[in-house]
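What follows is a short report on a single structure.
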Amino acid sequence: MSSGESSSVGEIDKTFVVAWDVNDPAKAGDPRYFWTEDDATRMRDTIAPVTAGAPRGASLLRLERDYPVDRQDGDPDAPEERFGARAHHGVRIAIEHFHAADPETTFLIVSHMTRPTSLTPTPLSPEVERIREELVAATEAGEEDSAEGLRARLRAELTTSGFRPRSELFAADENRATEVAPGVFVQDERPTRA
């Protein structure tokens, strides 16, 4: 699925690639970087089960193995070709600034951020659904000021329904990321950068 395509979860708006080091003590136990017991229970019977305590994302070593460099793309020794990582919806990610990274401890988490569409499933309560429908309409009409207010109302309503903010669940943060291609952002969370 490429940016702009719709699905039942919404339209992909942005893709984030978060680089982090599995040995960074600041990340220890952080559920944005490590799978929790709740995650493992929830995903037990899915196509992609996870292990509680395991790091989120994939190591550069695994990406190099799973997505080998296509030697026809150019010089395989060029830093941006070293790992050949690709986002799940087919965007090639140039990761030249990871050329000196430890491939065993540097992990990449790929997250797709979506905006709601008319295909997005109905959330919890009628109030949430009403606000969501207004947000979809405002977003589709390009009314960004109205949409921003509706996002705030939706967050407040979801919080009272037991949902947590995205910032508590995902490592991706638009304010700390750099756009490297249209709609594709890289966020380097490694404590030391080569």
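Ordering of the structure tokens sets the chain letters (A, B, ...), residue numbers begin anew at 1 in every chain, and ligands are numbered from 1 in the order given.
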Original post:
Leaving out Gly57 (chain A) and any residue of its chain fewer than 5 positions from it, which residues lie within 8 Å of it when counting only C-alpha atoms, given as an MDAnalysis selection string?
Top reply: chainID A and resid 107:110
**OP:** Just the residues within 6 Å of Ser59 (chain A), please, counting only C-alpha atoms, with nothing from its chain fewer than 2 positions along; format it as a VMD selection string.
**Re:** chain A and resid 61 to 62 104 106 to 107
Export, as a PDB file, in the first residue's frame, the selected residues with N, CA and C atoms.
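The new file out10.pdb reads:
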```
ATOM      1  N   LEU A  61      20.802  -5.931  10.804  1.00  0.00           N
ATOM      2  CA  LEU A  61      21.303  -7.233  10.361  1.00  0.00           C
ATOM      3  C   LEU A  61      20.176  -8.053   9.723  1.00  0.00           C
ATOM      4  N   ARG A  62      19.004  -8.070  10.364  1.00  0.00           N
ATOM      5  CA  ARG A  62      17.858  -8.800   9.813  1.00  0.00           C
ATOM      6  C   ARG A  62      17.406  -8.173   8.493  1.00  0.00           C
ATOM      7  N   GLU A 104      23.710  -5.326  14.617  1.00  0.00           N
ATOM      8  CA  GLU A 104      23.039  -6.224  15.557  1.00  0.00           C
ATOM      9  C   GLU A 104      22.220  -5.476  16.597  1.00  0.00           C
ATOM     10  N   THR A 106      21.306  -1.937  16.266  1.00  0.00           N
ATOM     11  CA  THR A 106      20.510  -0.841  15.705  1.00  0.00           C
ATOM     12  C   THR A 106      19.248  -1.435  15.108  1.00  0.00           C
ATOM     13  N   PHE A 107      18.099  -0.986  15.599  1.00  0.00           N
ATOM     14  CA  PHE A 107      16.802  -1.467  15.140  1.00  0.00           C
ATOM     15  C   PHE A 107      16.059  -0.342  14.445  1.00  0.00           C
TER      16      PHE A 107
END
```
Subject >> Close residues, Glu148 (chain A) itself excluded, 12 Å, only C-alpha atoms, min 5 positions apart in chain, as a count of residues only >> reply: 12
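Of the residues listed (A:Phe98, A:Leu124, A:Met43, A:Leu63), A:Leu124 shows the shortest atom-to-atom separation from Phe163 (chain A); distances use only C-alpha atoms.
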Subject >> Selection: 12 Å around Thr192 (chain A), only C-alpha atoms, excl. self and same-chain fewer than 2 positions, as a ChimeraX atom specification >> reply: /A:19-21,23-24,97-98,100-102,106,188-190,194
How would the residues just chosen look if you wrote them out with C-alpha atoms as a short mmCIF file (atom, residue, chain, number, x, y, z; two decimals), in the first residue's frame?
```cif
data_model
loop_
_atom_site.label_atom_id
_atom_site.label_comp_id
_atom_site.auth_asym_id
_atom_site.auth_seq_id
_atom_site.Cartn_x
_atom_site.Cartn_y
_atom_site.Cartn_z
CA ALA A 19 16.23 4.12 14.40
CA TRP A 20 17.20 3.16 17.93
CA ASP A 21 19.80 1.13 19.80
CA ASN A 23 21.22 -1.35 24.36
CA ASP A 24 20.20 2.27 25.08
CA HIS A 97 23.74 7.77 7.90
CA PHE A 98 23.59 4.26 9.42
CA ALA A 100 28.72 2.86 10.77
CA ALA A 101 25.84 1.59 12.94
CA ASP A 102 26.10 -1.73 14.72
CA THR A 106 20.51 -0.84 15.71
CA ASP A 188 17.25 8.77 14.80
CA GLU A 189 16.94 7.90 18.50
CA ARG A 190 20.38 6.34 18.90
CA ALA A 194 28.29 7.85 13.77
#
```
**OP:** Within region 148-181 of chain A, find each residue whose DSSP state, derived from the backbone, is strand (DSSP E), and express the selection as a list in words.
**Re:** Thr178, Glu179, Val180 and Ala181 of chain A
Dump as an mmCIF file, in the first residue's frame, selection limited to N, CA, C and O atoms:
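File again.cif, as written:
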```
data_model
loop_
_atom_site.group_PDB
_atom_site.id
_atom_site.type_symbol
_atom_site.label_atom_id
_atom_site.label_comp_id
_atom_site.auth_asym_id
_atom_site.auth_seq_id
_atom_site.Cartn_x
_atom_site.Cartn_y
_atom_site.Cartn_z
ATOM 1 N N THR A 178 12.951 13.742 10.482
ATOM 2 C CA THR A 178 13.336 14.500 9.288
ATOM 3 C C THR A 178 12.674 13.852 8.079
ATOM 4 O O THR A 178 12.786 12.637 7.894
ATOM 5 N N GLU A 179 12.024 14.662 7.261
ATOM 6 C CA GLU A 179 11.386 14.135 6.059
ATOM 7 C C GLU A 179 12.470 13.874 5.014
ATOM 8 O O GLU A 179 13.179 14.774 4.598
ATOM 9 N N VAL A 180 12.607 12.596 4.606
ATOM 10 C CA VAL A 180 13.655 12.205 3.659
ATOM 11 C C VAL A 180 13.109 11.959 2.262
ATOM 12 O O VAL A 180 13.870 11.866 1.299
ATOM 13 N N ALA A 181 11.807 11.848 2.142
ATOM 14 C CA ALA A 181 11.098 11.695 0.868
ATOM 15 C C ALA A 181 9.671 12.141 1.171
ATOM 16 O O ALA A 181 9.269 12.199 2.340
#
```
**OP:** Would you please work out which residue, of A:Lys27, A:Arg65, A:His99, A:Arg151, is nearest to Arg115 (chain A) when using only C-alpha atoms?
**Re:** A:Arg151
Original post:
Can you list, as an MDAnalysis selection string, every protein, DNA or RNA residue that comes within 9 Å of Thr36 (chain A) when you count only C-alpha atoms, leaving out same-chain residues fewer than 6 positions away?
Top reply: chainID A and resid 29:30 50:54
Subject >> Spatial neighbours of Ser167 (chain A), max dist 12 Å, only C-alpha atoms, sep filter under 4 positions, as an MDAnalysis selection string >> reply: chainID A and resid 30:33 155 163 171:175
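The nearest approach to Met113 (chain A) among the residues A:Arg130, A:Asp66, A:Phe34, A:Val184, with only C-alpha atoms taken into account, belongs to A:Val184.
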